[in-house]
Amino acid sequence: MTAVGLPTPTARRVPPVDAAALESALRAAVRGGVRFDPGTRALYSTDASNYRQVPVGVVLPRDLDDVVAAVRVCREHQAPLLSRGGGTSLGGQCTNAAVMLDFARHVGAVESVDEAERTAVVQAGAVLDAVNAAGREHGGLVFGPKPATHDHCTIGGMLGNNSCGATAQWSGTTAANVRRMEILTYDGERMWVGPTSDDAYAAILAAGGRRADIYRRLRDLRDRYADAIRAGYPRIPRRISGYNLPDLLPENGFNVARALIGSESTCVTILRAELSLLPEPTHVCLVLAGYPDIVTAAAHVPAALRHSPYVLEGLDHKLIEYEKDRRLNTVSIHEIPAAGAWLMIKVTGDDDRAAHAAADRLLATLRGDGDLTVDKVVTDTAHIKEIDSVREAALGATARVPGMPDTWPGWEDSAVAPDRLAAYLGDLQTLLREFGYDAASLYGHFGHGCVHTSIPFDLSSETGIAKFRTFVTRAAALVVSYGGSLSGEHGDGQARGELLSTMYGPDLLDAMAEFKRIFDPDARMNPGKVIDANPLDGQLRLGAGWPPAHPRTHFAFPDDGGFAGVPTRCFGVGKCRRRDTDDDGVMCPSYLVTREEQHSTRGRMRLLFEMLRGSVDPTDSTIVDGWRSTEVRDALDLCLACKGCKSDCPVSVDMATYKAEFLAHHYAGRVRPRSHYSLGWLPLWARVAALAPGAANAVTHLPGLSRLAKAAAGVDPARDVPRFAPVRFTTAFRHRARRHRPQGTRGTVVLWPDTFTSSFAPDVAASAVTVLEAAGFAVEIPPRPVCCGLTWMSTGQLGIARRVVAHTLRTLTPQLAAGRTIVGLEPSCTAVLRGGDMIRLMSGARDRHLADVAEQAKAHTLTLAELLDRDAPDFAPRLQESSGAIVQTHCHQHAVLGFEADTRVMRRIGLDAKVLDSGCCGLAGDFGMTPEHRDVSLACAERVLYPAVREAGEDTLVLADGFSCRVQIAAGRSGRRGVHLAQVLAAALHDQRR
C-alpha cells in the first residue's frame, strides 16, 4: 500500500521557542490570562499520569476569539500547542513542553439546549455536570457518558479522550453522542465538522481552500486504507486506542467529527460541540451480585448483558479492603454484602414497578447461571448513590494504601470483548503475579470489557522503570492476543502511544500518522503523544533521581515516609476542582471561589512537588529556592486550613499541615506578617486581656483607636473584632467549683477550655456544664491553663506550638491516666486533640513519651454530641417551641470529627435541622480576619451560607458550633446570630423544667 506524499512527522524535532517574545505577543493578542511565570508552569507540568513536562506557558482564554488569537500567535512563533480541560488525563496527553490552552477557567458556556432535537451546543470548557444540569431543565435530558470525574471534567477533555464512564454501557462512548464539532487547525482554518454526505462533500470541494484540501485528503486516505481499517480495528465496545479512522468509512457516514474525537489535541483545537442528549433514566434498581473471585464474576457478564443493563460494573475484594483501610465511604461499604468480587448492575424501567421487575428477572438469570454466592437489590436512590461512590472512589482508594507501595497508572485501561473478559482477567492476574504486582486491584466497566487497575510500579529506580517497561509491553501483547484495545476510555497519550504498533501494525500506524499530518503537517499539536510518541518510560514524573533527601521537619510524616513523600500523595485526579459542594464536601473553598488551579489542593501539591524536585535537579524544575519559594507561599496563602481535603481528597491530602510546615521553614529567621504575632498568639493575648477586658475592648472598638490597633495587628479594618468576655469561663468555673461540685452518676468528664470559648463565648461553656450535669456527668477542667496550640500551628510557628502542646500534655497526663473523657466544644481545637496533629508534632520531641500522651488524648476526646450519644442515650430534653434550624457544619467537624452524633442528638430533642451544603464559612480562624483575604473570605460565605441565613425565618435557629462560623455569620449583617448546640440543649432543658 502506497501512502500519499506528505511531510514526515517532526514531533521530536520542534525547534526551541523564544518564550519571551511569544509571551509578549500573546499578551498583546489575548484578553484572558497569559502566564509564563515559574509557578504557573509548575502547576500545569503534569496531569494524572506518570509523566511530567513543564509547559512553555499557559493561556487562559476569555472566550473563543481568544482561543483563535492564541493559536494564531503560536503559529506565528511556531510554538507547540495543546488544549486542556480538567487536566486529569491518565496517559500523559495533558502534559507537554508546549503552550497550554486552559479552557476550563472561562470558555465553558452551555450555549443552547434544544429539547425537541435533544441536542446541546457547548463550549469545550463546559463541565459535564453543568451540561447535565442544563439538560435536566429541558425535559430531563443528559449527555450519556459519565466518567467518575463528572463534577469537574470538561466536555473538551471528554472529546479529546473519547471518554466513557459507567453509563456508557447505556449511551455509548462520547463519540457516539456527538452530532458535530467546531474545530480550529493549527494553520487557522475554523470550521464545523460532522457526518459528510456525498452532496456535502461535493459542496466543500467546490468552495475550495484549506477545508476542501483537508476533506480531499481525508477521503483519499479512507479509500486507500479502507480494507485495512475494516480488518485491523477491533470490533469491541471500548476500542479507544488509536485514531477513529473507521468513522471515515462510507458505511459510517464519513464522519470527520467522530474521527477526530479521541485524537487528544494532536490534530486540532476543539472549540465547541453539538451533543446528542438522552432522557435520563429515573427509575433505577441496583443489583449487587457476589461471586467467589473477580474472574468468576467476569464469566457471568454475558448473562447479565442479555438484560440490557444501564450500568454493569465489576470490582474485586481488594478494592473494598483498600477503601476500608483508607476509611473511605464507610457508610456505603456496609451496603455491599460480603463476597470475593461483585458485579454492580443497574437496570431501569418506565416506573418503579417495572425497574423492580427487571431486577428480579436479572437475578433469576444470574442465579440460574451459577456461582452466585450472595445478592442484594437496592432500590433507594440515596443508597444507590452511596454505593456508586464506592466505585467512583476506586482510583484514589487504590493509589496510596497504608502499609503498601504506591500504585500508578500505566496499564490501567485495557479492554476486550465482554465474552472474553474472564479469560483475559485470568491471564492478566498471572502476569501481575509474575512481576510481583499482584496487590493490584482489578475493577472496571465489565459490561464493555474494560478493566481498570493501579499497579505498584517502581518508577523511581532504573531497575524498577525497566521492569515497568517490560510489564507494559507484555501486557500490550496479551490484550492484543485477545483482540482487545490498549485503552478502553483513558486514551493513549504517551503511556500507550508507543505501543500502538503492537495493536495495529505498521500499515494502520502509517494511516494514523497521515491522518495527523492532514490536520497538523508541521507536528505542532501536542507533539510526542499518540503518533510518533515519546517513550512510555520517558519524561517520568518521578524517574531514577527521585526521591530527594528528606528535609528535617517539625511534624512527622510517617504515612509518607517523610516529607519528601508528601507531594507524590496527590496523583492528580482533581476532585478538589469540583464546582460546588452539593455532595456535602468542603474541599477546596478557595478554588470554589477563584477557580484558579493554584488555589486547588492539586495545584498546591504540584508546587510542593516542584519545590522538592528543585532540590534534586535545579535545572529541571521551575522552583529552585526551596522553602523560601514565593510561588509556593502565594499558593498556600489562600489555603484556609479547613482540612476539607483530609476527608474529601481520595488520598487524604492534609494541606493545612503541609502549609504549617512550609510556613515554619519559609519564615525561619525572618520577620513574619503582623497577623502571625497578633492572631497567631491569640491565646496569650486573651489571657493578658482577661486582666482588663474592658480596656482591651476599648482598644479594639473605640473609633480611631480601633483602626490603629487593627493596623498594628494586621487585622482587616472592616472586620468587627469579637469582644473579650468580662470574665473568662475558666475563672468563673474555678470560682463555682469552690462552692459547688456536683457528683455525676455517669462519671467525670474534662471540659476542654479552649481560648475561643473561654475568652469570647463563656456562655457556651456554661451551657455545656448545665447540660453535662443534667445528663449525669461531673465536670472538671484541667488544673492549669492549657492550649492545643492551633493558632501557632496554623501560622507555622511550630517551635512555640510544640512547647505549648508539651505543657498541655503534661497537664493532662493525670486526668488521662484516670480514664477521663475530654469533651470539646470548639470544633477546631477538638480536631487538634483528635486529629493527630499533636502526635505528629510531638513525635520528634525530646520527651518522646508525650507523643504517647497525645495518643491517649486522641483516643479520649469526644464532642459534646458524641458523649451524649454514646454515654447518655436516655438524655432527651425536648424543645417546646422550634420552627427548625439551619446548621453550618464546621470544616473540622466534616473533616475530622464527624457530624452523625450531632444529627442524632438534634433529632432526639425534637429539632428539625437542615444541614447546609455550604462548605467552609470562609473565616477559618485568622484567615478571614486579614485584609488581603477579605474578598475570598466573604465570597466563601456568599456561596451558600449567607443566602441561607438571610432566607431563614425569624424563628429558625442558626446553629454553628464553630466560633469562626458564628463570627462570620454575624459579619453577614443579617441581624442573625449563630448558636452552639450546647446552648440549644440548655434551652431544651429550660423548656422541660418550666
# chains A, B, ... in the order shown; residues from 1 in each chain; ligands from 1
>>> residues_around(residues="Ala641 (chain A)", least_positions_apart="5", cutoff="8 Å", atoms="only C-alpha atoms", output="list in words")
Met655, Ala656, Thr657, Lys659, Ser794 and Ala924 of chain A
>>> residues_around(residues="Asp648 (chain A)", least_positions_apart="6", cutoff="8 Å", atoms="only C-alpha atoms", output="PyMOL selection string")
chain A and resi 585-587+895
>>> write_last_selection(atoms="all heavy atoms", output="PDB file, in the first residue's frame")
ATOM      1  N   GLY A 585     -19.403  18.034  50.582  1.00  0.00           N
ATOM      2  CA  GLY A 585     -17.959  18.206  50.692  1.00  0.00           C
ATOM      3  C   GLY A 585     -17.577  19.605  51.094  1.00  0.00           C
ATOM      4  O   GLY A 585     -18.389  20.533  51.097  1.00  0.00           O
ATOM      5  N   VAL A 586     -16.315  19.779  51.428  1.00  0.00           N
ATOM      6  CA  VAL A 586     -15.764  21.083  51.794  1.00  0.00           C
ATOM      7  C   VAL A 586     -14.664  21.506  50.818  1.00  0.00           C
ATOM      8  O   VAL A 586     -14.582  22.656  50.424  1.00  0.00           O
ATOM      9  CB  VAL A 586     -15.203  21.044  53.241  1.00  0.00           C
ATOM     10  CG1 VAL A 586     -14.374  22.281  53.543  1.00  0.00           C
ATOM     11  CG2 VAL A 586     -16.337  20.908  54.241  1.00  0.00           C
ATOM     12  N   MET A 587     -13.824  20.580  50.428  1.00  0.00           N
ATOM     13  CA  MET A 587     -12.677  20.864  49.575  1.00  0.00           C
ATOM     14  C   MET A 587     -13.115  21.402  48.209  1.00  0.00           C
ATOM     15  O   MET A 587     -14.042  20.856  47.612  1.00  0.00           O
ATOM     16  CB  MET A 587     -11.894  19.558  49.389  1.00  0.00           C
ATOM     17  CG  MET A 587     -10.695  19.653  48.479  1.00  0.00           C
ATOM     18  SD  MET A 587      -9.855  18.049  48.283  1.00  0.00           S
ATOM     19  CE  MET A 587     -11.037  17.144  47.298  1.00  0.00           C
ATOM     20  N   ALA A 895     -14.307  17.202  58.453  1.00  0.00           N
ATOM     21  CA  ALA A 895     -13.072  16.548  58.029  1.00  0.00           C
ATOM     22  C   ALA A 895     -12.518  15.583  59.055  1.00  0.00           C
ATOM     23  O   ALA A 895     -11.890  14.580  58.687  1.00  0.00           O
ATOM     24  CB  ALA A 895     -12.017  17.612  57.703  1.00  0.00           C
TER      25      ALA A 895
END
>>> residues_around(residues="Val311 (chain A)", least_positions_apart="2", cutoff="8 Å", atoms="only C-alpha atoms", output="list in words")
Ala166, Thr167, Ala168, Gln169, Trp170, Pro309, Glu313, Met344, Ile345, Lys346, Val347 and Gly447 of chain A
>>> write_last_selection(atoms="N, CA, C and O atoms", output="compact mmCIF listing (two decimals), in the first residue's frame")
# COMPACT_ATOMS: atom_id res chain seq x y z
N ALA A 166 -19.21 4.80 33.52
CA ALA A 166 -20.09 3.65 33.74
C ALA A 166 -21.34 3.69 32.87
O ALA A 166 -21.79 2.66 32.35
N THR A 167 -21.91 4.87 32.67
CA THR A 167 -23.18 4.96 31.93
C THR A 167 -23.01 4.80 30.43
O THR A 167 -24.01 4.72 29.70
N ALA A 168 -21.78 4.73 29.93
CA ALA A 168 -21.58 4.44 28.51
C ALA A 168 -22.12 3.07 28.14
O ALA A 168 -22.34 2.78 26.97
N GLN A 169 -22.32 2.21 29.14
CA GLN A 169 -22.98 0.92 28.91
C GLN A 169 -24.34 1.15 28.25
O GLN A 169 -24.78 0.36 27.41
N TRP A 170 -24.98 2.24 28.63
CA TRP A 170 -26.31 2.60 28.12
C TRP A 170 -26.23 3.53 26.91
O TRP A 170 -26.95 3.34 25.93
N PRO A 309 -28.44 -3.95 30.55
CA PRO A 309 -28.33 -3.11 31.75
C PRO A 309 -27.95 -1.66 31.41
O PRO A 309 -27.35 -1.38 30.38
N GLU A 313 -20.86 -2.86 36.21
CA GLU A 313 -19.51 -2.68 36.73
C GLU A 313 -19.05 -3.92 37.47
O GLU A 313 -19.87 -4.68 38.00
N MET A 344 -21.87 -5.01 39.82
CA MET A 344 -22.83 -3.97 40.22
C MET A 344 -23.61 -3.61 38.96
O MET A 344 -23.08 -3.00 38.04
N ILE A 345 -24.87 -4.01 38.94
CA ILE A 345 -25.65 -3.92 37.72
C ILE A 345 -26.88 -3.06 37.97
O ILE A 345 -27.67 -3.33 38.88
N LYS A 346 -27.04 -2.04 37.14
CA LYS A 346 -28.24 -1.22 37.23
C LYS A 346 -29.17 -1.53 36.06
O LYS A 346 -28.73 -1.63 34.91
N VAL A 347 -30.44 -1.68 36.39
CA VAL A 347 -31.47 -1.87 35.37
C VAL A 347 -32.52 -0.79 35.56
O VAL A 347 -32.66 -0.22 36.64
N GLY A 447 -19.26 -4.58 31.70
CA GLY A 447 -20.23 -4.77 30.64
C GLY A 447 -19.68 -4.43 29.28
O GLY A 447 -20.19 -4.90 28.25
>>> closest_residue(among="A:Met611, A:Gln983, A:Gly543, A:Ala689", to="Val566 (chain A)", atoms="only C-alpha atoms")
A:Met611
>>> atom_distance(atom1="CA of Leu702 (chain A)", atom2="CA of Asp716 (chain A)")
15.3 Å
>>> residues_around(residues="Gly464 (chain A)", least_positions_apart="5", cutoff="12 Å", atoms="only C-alpha atoms", output="number ranges by chain")
A: 435-437, 456-459, 469-471, 537, 542-544
>>> closest_atom_pairs(of="region 192-291 of chain A", to="region 62-73 of chain A", cutoff="9 Å", atoms="only C-alpha atoms", output="Markdown table")
| residue | atom | partner | partner_atom | distance |
| --- | --- | --- | --- | --- |
| A:Thr269 | CA | A:Val71 | CA | 8.6 |
| A:Leu271 | CA | A:Leu64 | CA | 6.8 |
| A:Arg272 | CA | A:Leu64 | CA | 8.9 |
>>> residues_around(residues="Val107 (chain A)", least_positions_apart="5", cutoff="12 Å", atoms="only C-alpha atoms", output="ChimeraX atom specification")
/A:32,59-67,83-85,101-102,122-127,154-156,270-272
>>> write_last_selection(atoms="N, CA, C and O atoms", output="CSV table (one decimal), in the first residue's frame")
chain,number,residue,atom,x,y,z
A,32,GLY,N,-7.6,37.3,27.8
A,32,GLY,CA,-7.5,36.4,29.0
A,32,GLY,C,-6.1,36.4,29.6
A,32,GLY,O,-5.3,37.2,29.3
A,59,VAL,N,-2.1,29.7,28.7
A,59,VAL,CA,-3.1,30.8,28.3
A,59,VAL,C,-4.5,30.4,28.8
A,59,VAL,O,-4.9,29.2,28.7
A,60,LEU,N,-5.1,31.3,29.5
A,60,LEU,CA,-6.5,31.1,30.0
A,60,LEU,C,-7.4,32.0,29.1
A,60,LEU,O,-7.7,33.1,29.5
A,61,PRO,N,-7.8,31.5,28.0
A,61,PRO,CA,-8.6,32.4,27.1
A,61,PRO,C,-9.9,32.8,27.7
A,61,PRO,O,-10.5,32.1,28.5
A,62,ARG,N,-10.3,34.0,27.4
A,62,ARG,CA,-11.5,34.6,27.9
A,62,ARG,C,-12.7,34.1,27.2
A,62,ARG,O,-13.8,33.9,27.7
A,63,ASP,N,-12.6,33.8,25.9
A,63,ASP,CA,-13.6,33.4,25.0
A,63,ASP,C,-13.0,32.7,23.8
A,63,ASP,O,-11.8,32.5,23.7
A,64,LEU,N,-13.9,32.3,22.9
A,64,LEU,CA,-13.4,31.6,21.7
A,64,LEU,C,-12.6,32.4,20.8
A,64,LEU,O,-11.6,32.0,20.2
A,65,ASP,N,-12.9,33.7,20.8
A,65,ASP,CA,-12.0,34.6,20.0
A,65,ASP,C,-10.6,34.7,20.5
A,65,ASP,O,-9.6,34.7,19.8
A,66,ASP,N,-10.5,34.6,21.9
A,66,ASP,CA,-9.2,34.5,22.5
A,66,ASP,C,-8.4,33.2,22.1
A,66,ASP,O,-7.2,33.2,21.9
A,67,VAL,N,-9.2,32.1,22.0
A,67,VAL,CA,-8.6,30.9,21.6
A,67,VAL,C,-8.0,31.0,20.1
A,67,VAL,O,-6.9,30.6,19.9
A,83,SER,N,-4.5,21.7,24.1
A,83,SER,CA,-5.7,22.1,24.9
A,83,SER,C,-5.8,21.3,26.2
A,83,SER,O,-5.4,20.1,26.2
A,84,ARG,N,-6.3,21.9,27.2
A,84,ARG,CA,-6.5,21.2,28.5
A,84,ARG,C,-7.9,21.5,29.0
A,84,ARG,O,-8.4,22.7,29.0
A,85,GLY,N,-8.6,20.5,29.6
A,85,GLY,CA,-9.8,20.7,30.3
A,85,GLY,C,-9.6,20.6,31.8
A,85,GLY,O,-9.1,21.5,32.4
A,101,LEU,N,-3.5,25.7,26.4
A,101,LEU,CA,-4.8,26.5,26.5
A,101,LEU,C,-5.7,25.8,27.5
A,101,LEU,O,-6.2,24.7,27.3
A,102,ASP,N,-5.9,26.5,28.6
A,102,ASP,CA,-6.8,26.0,29.7
A,102,ASP,C,-8.2,26.5,29.4
A,102,ASP,O,-8.5,27.7,29.7
A,122,VAL,N,-22.3,23.3,23.3
A,122,VAL,CA,-21.5,23.7,24.4
A,122,VAL,C,-20.1,24.0,24.0
A,122,VAL,O,-19.6,23.5,23.0
A,123,GLN,N,-19.4,24.9,24.8
A,123,GLN,CA,-18.0,25.2,24.6
A,123,GLN,C,-17.2,24.1,25.2
A,123,GLN,O,-17.6,23.4,26.1
A,124,ALA,N,-15.9,24.0,24.8
A,124,ALA,CA,-15.1,22.9,25.1
A,124,ALA,C,-14.8,22.9,26.6
A,124,ALA,O,-14.5,21.8,27.2
A,125,GLY,N,-14.8,24.0,27.3
A,125,GLY,CA,-14.5,24.0,28.7
A,125,GLY,C,-15.7,23.8,29.6
A,125,GLY,O,-15.6,23.8,30.9
A,126,ALA,N,-16.9,23.5,29.1
A,126,ALA,CA,-18.0,23.2,29.9
A,126,ALA,C,-17.9,22.0,30.7
A,126,ALA,O,-17.4,20.9,30.2
A,127,VAL,N,-18.2,22.0,32.0
A,127,VAL,CA,-18.1,20.9,32.9
A,127,VAL,C,-19.3,20.0,32.7
A,127,VAL,O,-20.4,20.5,32.5
A,154,THR,N,-14.3,18.2,31.7
A,154,THR,CA,-14.9,19.1,30.7
A,154,THR,C,-15.3,18.3,29.5
A,154,THR,O,-14.7,17.3,29.2
A,155,ILE,N,-16.2,18.9,28.7
A,155,ILE,CA,-16.6,18.3,27.5
A,155,ILE,C,-15.4,18.2,26.5
A,155,ILE,O,-15.2,17.2,25.8
A,156,GLY,N,-14.6,19.2,26.5
A,156,GLY,CA,-13.4,19.2,25.6
A,156,GLY,C,-12.5,18.1,26.0
A,156,GLY,O,-12.0,17.4,25.1
A,270,ILE,N,-10.4,21.8,19.6
A,270,ILE,CA,-11.8,21.8,19.6
A,270,ILE,C,-12.4,23.0,20.3
A,270,ILE,O,-12.0,23.3,21.4
A,271,LEU,N,-13.3,23.7,19.6
A,271,LEU,CA,-13.9,24.9,20.2
A,271,LEU,C,-15.2,24.7,20.8
A,271,LEU,O,-15.5,25.0,22.0
A,272,ARG,N,-16.1,24.0,20.1
A,272,ARG,CA,-17.4,23.8,20.5
A,272,ARG,C,-17.9,22.4,20.0
A,272,ARG,O,-17.3,21.8,19.1
>>> closest_residue(among="A:Val688, A:Cys649, A:Ala513, A:Val616", to="Arg577 (chain A)", atoms="only C-alpha atoms")
A:Cys649
>>> residues_around(residues="Thr930 (chain A)", least_positions_apart="5", cutoff="10 Å", atoms="only C-alpha atoms", output="VMD selection string")
chain A and resid 674 to 675 679 710 to 711 713 to 719 923 937
>>> atom_distance(atom1="CA of Arg224 (chain A)", atom2="CA of Asn252 (chain A)")
16.2 Å
>>> atom_distance(atom1="CA of Leu864 (chain A)", atom2="CA of Asp902 (chain A)")
8.4 Å
>>> closest_atom_pairs(of="region 359-444 of chain A", to="region 241-248 of chain A", cutoff="12 Å", atoms="only C-alpha atoms", output="JSON lines")
{"residue": "A:Asp413", "atom": "CA", "partner": "A:Ser241", "partner_atom": "CA", "distance": 10.0}
{"residue": "A:Ser414", "atom": "CA", "partner": "A:Ser241", "partner_atom": "CA", "distance": 9.3}
{"residue": "A:Ala415", "atom": "CA", "partner": "A:Ser241", "partner_atom": "CA", "distance": 9.8}
{"residue": "A:Val416", "atom": "CA", "partner": "A:Ser241", "partner_atom": "CA", "distance": 11.9}
>>> write_last_selection(atoms="all heavy atoms", output="JSON list (two decimals), in the first residue's frame")
[["chain", "number", "residue", "atom", "x", "y", "z"],
["A", 413, "ASP", "N", -6.20, 0.55, 31.80],
["A", 413, "ASP", "CA", -7.37, 0.88, 30.99],
["A", 413, "ASP", "C", -7.57, -0.06, 29.81],
["A", 413, "ASP", "O", -8.10, 0.35, 28.80],
["A", 413, "ASP", "CB", -7.22, 2.33, 30.50],
["A", 413, "ASP", "CG", -8.46, 2.87, 29.85],
["A", 413, "ASP", "OD1", -9.55, 2.56, 30.33],
["A", 413, "ASP", "OD2", -8.33, 3.59, 28.85],
["A", 414, "SER", "N", -7.14, -1.30, 29.88],
["A", 414, "SER", "CA", -7.27, -2.20, 28.74],
["A", 414, "SER", "C", -8.71, -2.67, 28.58],
["A", 414, "SER", "O", -9.52, -2.61, 29.52],
["A", 414, "SER", "CB", -6.32, -3.39, 28.91],
["A", 414, "SER", "OG", -6.53, -4.02, 30.17],
["A", 415, "ALA", "N", -9.03, -3.16, 27.38],
["A", 415, "ALA", "CA", -10.40, -3.59, 27.11],
["A", 415, "ALA", "C", -10.40, -4.74, 26.11],
["A", 415, "ALA", "O", -9.59, -4.77, 25.18],
["A", 415, "ALA", "CB", -11.23, -2.43, 26.58],
["A", 416, "VAL", "N", -11.33, -5.65, 26.32],
["A", 416, "VAL", "CA", -11.53, -6.78, 25.41],
["A", 416, "VAL", "C", -13.03, -6.94, 25.20],
["A", 416, "VAL", "O", -13.85, -6.25, 25.83],
["A", 416, "VAL", "CB", -10.93, -8.09, 25.98],
["A", 416, "VAL", "CG1", -9.43, -7.98, 26.14],
["A", 416, "VAL", "CG2", -11.59, -8.46, 27.32]]
>>> select_by_dssp(residues="region 633-717 of chain A", states="helix (DSSP H, G or I)", output="ChimeraX atom specification")
/A:633-637,644-648,655-666,674-678,682-689,693-701,705-713
>>> residues_around(residues="region 303-308 of chain A", least_positions_apart="2", cutoff="10 Å", atoms="only C-alpha atoms", output="list in words")
Gln169, Trp170, Ala298, Ala299, His300, Val301, Tyr310, Val311, Leu312, Leu343, Ile345, Lys346, Val347, Thr348, Ala358, Ala359, Arg361, Leu362, Leu363, Thr365, Leu366, Gly368, Asp369, Pro418, Asp419, Phe446, Gly447 and His448 of chain A
>>> write_last_selection(atoms="N, CA and C atoms", output="JSON list (two decimals), in the first residue's frame")
[["chain", "number", "residue", "atom", "x", "y", "z"],
["A", 169, "GLN", "N", -22.32, 2.21, 29.14],
["A", 169, "GLN", "CA", -22.98, 0.92, 28.91],
["A", 169, "GLN", "C", -24.34, 1.15, 28.25],
["A", 170, "TRP", "N", -24.98, 2.24, 28.63],
["A", 170, "TRP", "CA", -26.31, 2.60, 28.12],
["A", 170, "TRP", "C", -26.23, 3.53, 26.91],
["A", 298, "ALA", "N", -16.54, -12.07, 36.21],
["A", 298, "ALA", "CA", -16.47, -11.66, 34.80],
["A", 298, "ALA", "C", -17.09, -12.72, 33.88],
["A", 299, "ALA", "N", -17.01, -13.97, 34.29],
["A", 299, "ALA", "CA", -17.56, -15.04, 33.46],
["A", 299, "ALA", "C", -19.07, -14.93, 33.31],
["A", 300, "HIS", "N", -19.72, -14.23, 34.21],
["A", 300, "HIS", "CA", -21.18, -14.11, 34.18],
["A", 300, "HIS", "C", -21.66, -12.77, 33.60],
["A", 301, "VAL", "N", -20.72, -11.99, 33.08],
["A", 301, "VAL", "CA", -21.09, -10.74, 32.41],
["A", 301, "VAL", "C", -21.98, -11.00, 31.20],
["A", 310, "TYR", "N", -28.33, -0.81, 32.30],
["A", 310, "TYR", "CA", -27.97, 0.62, 32.24],
["A", 310, "TYR", "C", -26.50, 0.79, 32.60],
["A", 311, "VAL", "N", -26.05, 0.05, 33.61],
["A", 311, "VAL", "CA", -24.66, 0.07, 34.08],
["A", 311, "VAL", "C", -24.29, -1.36, 34.45],
["A", 312, "LEU", "N", -23.05, -1.76, 34.13],
["A", 312, "LEU", "CA", -22.58, -3.08, 34.54],
["A", 312, "LEU", "C", -21.11, -2.96, 34.91],
["A", 343, "LEU", "N", -20.46, -8.00, 40.79],
["A", 343, "LEU", "CA", -20.99, -7.26, 39.65],
["A", 343, "LEU", "C", -22.02, -6.28, 40.20],
["A", 345, "ILE", "N", -24.87, -4.01, 38.94],
["A", 345, "ILE", "CA", -25.65, -3.92, 37.72],
["A", 345, "ILE", "C", -26.88, -3.06, 37.97],
["A", 346, "LYS", "N", -27.04, -2.04, 37.14],
["A", 346, "LYS", "CA", -28.24, -1.22, 37.23],
["A", 346, "LYS", "C", -29.17, -1.53, 36.06],
["A", 347, "VAL", "N", -30.44, -1.68, 36.39],
["A", 347, "VAL", "CA", -31.47, -1.87, 35.37],
["A", 347, "VAL", "C", -32.52, -0.79, 35.56],
["A", 348, "THR", "N", -33.26, -0.51, 34.53],
["A", 348, "THR", "CA", -34.23, 0.58, 34.55],
["A", 348, "THR", "C", -35.60, 0.09, 34.10],
["A", 358, "ALA", "N", -37.49, -5.81, 36.39],
["A", 358, "ALA", "CA", -36.27, -6.03, 35.62],
["A", 358, "ALA", "C", -35.16, -6.58, 36.50],
["A", 359, "ALA", "N", -35.07, -6.06, 37.72],
["A", 359, "ALA", "CA", -34.06, -6.56, 38.66],
["A", 359, "ALA", "C", -34.34, -8.02, 39.03],
["A", 361, "ARG", "N", -35.87, -10.25, 37.17],
["A", 361, "ARG", "CA", -35.55, -11.11, 36.02],
["A", 361, "ARG", "C", -34.04, -11.30, 35.89],
["A", 362, "LEU", "N", -33.30, -10.22, 36.12],
["A", 362, "LEU", "CA", -31.84, -10.31, 36.06],
["A", 362, "LEU", "C", -31.31, -11.29, 37.10],
["A", 363, "LEU", "N", -31.81, -11.15, 38.33],
["A", 363, "LEU", "CA", -31.35, -12.03, 39.40],
["A", 363, "LEU", "C", -31.70, -13.49, 39.12],
["A", 365, "THR", "N", -31.83, -14.88, 36.24],
["A", 365, "THR", "CA", -30.84, -15.34, 35.27],
["A", 365, "THR", "C", -29.51, -15.64, 35.93],
["A", 366, "LEU", "N", -29.05, -14.72, 36.77],
["A", 366, "LEU", "CA", -27.75, -14.91, 37.41],
["A", 366, "LEU", "C", -27.76, -16.10, 38.35],
["A", 368, "GLY", "N", -29.58, -18.72, 38.03],
["A", 368, "GLY", "CA", -29.59, -19.91, 37.19],
["A", 368, "GLY", "C", -28.26, -20.15, 36.50],
["A", 369, "ASP", "N", -27.48, -19.10, 36.33],
["A", 369, "ASP", "CA", -26.19, -19.21, 35.64],
["A", 369, "ASP", "C", -25.11, -19.82, 36.54],
["A", 418, "PRO", "N", -16.56, -8.39, 25.91],
["A", 418, "PRO", "CA", -17.07, -8.87, 27.21],
["A", 418, "PRO", "C", -17.06, -10.38, 27.35],
["A", 419, "ASP", "N", -17.29, -11.11, 26.24],
["A", 419, "ASP", "CA", -17.32, -12.57, 26.37],
["A", 419, "ASP", "C", -15.93, -13.18, 26.49],
["A", 446, "PHE", "N", -17.20, -3.68, 33.34],
["A", 446, "PHE", "CA", -17.15, -5.05, 32.84],
["A", 446, "PHE", "C", -18.16, -5.30, 31.73],
["A", 447, "GLY", "N", -19.26, -4.58, 31.70],
["A", 447, "GLY", "CA", -20.23, -4.77, 30.64],
["A", 447, "GLY", "C", -19.68, -4.43, 29.28],
["A", 448, "HIS", "N", -18.63, -3.62, 29.23],
["A", 448, "HIS", "CA", -17.94, -3.29, 27.99],
["A", 448, "HIS", "C", -16.55, -3.92, 27.94]]
>>> closest_residue(among="A:Ser590, A:Val915, A:Thr745, A:Gln539", to="Ala941 (chain A)", atoms="only C-alpha atoms")
A:Ser590
>>> closest_atom_pairs(of="region 316-425 of chain A", to="region 286-296 of chain A", cutoff="6 Å", atoms="only C-alpha atoms", output="Markdown table")
| residue | atom | partner | partner_atom | distance |
| --- | --- | --- | --- | --- |
| A:Asp316 | CA | A:Ile294 | CA | 5.5 |
| A:Ala339 | CA | A:Gly290 | CA | 5.2 |
| A:Gly340 | CA | A:Pro292 | CA | 4.6 |
| A:Ala341 | CA | A:Asp293 | CA | 4.9 |
| A:Trp342 | CA | A:Gly290 | CA | 4.5 |
| A:Leu343 | CA | A:Ala289 | CA | 5.1 |
| A:Met344 | CA | A:Leu288 | CA | 4.9 |
| A:Ile345 | CA | A:Val287 | CA | 5.1 |
| A:Lys346 | CA | A:Leu286 | CA | 4.5 |
| A:Leu372 | CA | A:Tyr291 | CA | 5.2 |
| A:Thr373 | CA | A:Tyr291 | CA | 5.3 |
| A:Val374 | CA | A:Gly290 | CA | 4.9 |
| A:Asp375 | CA | A:Ala289 | CA | 4.6 |
| A:Lys376 | CA | A:Leu288 | CA | 5.1 |
| A:Val377 | CA | A:Val287 | CA | 4.6 |
| A:Val378 | CA | A:Leu286 | CA | 5.0 |
| A:Ala422 | CA | A:Val295 | CA | 5.0 |
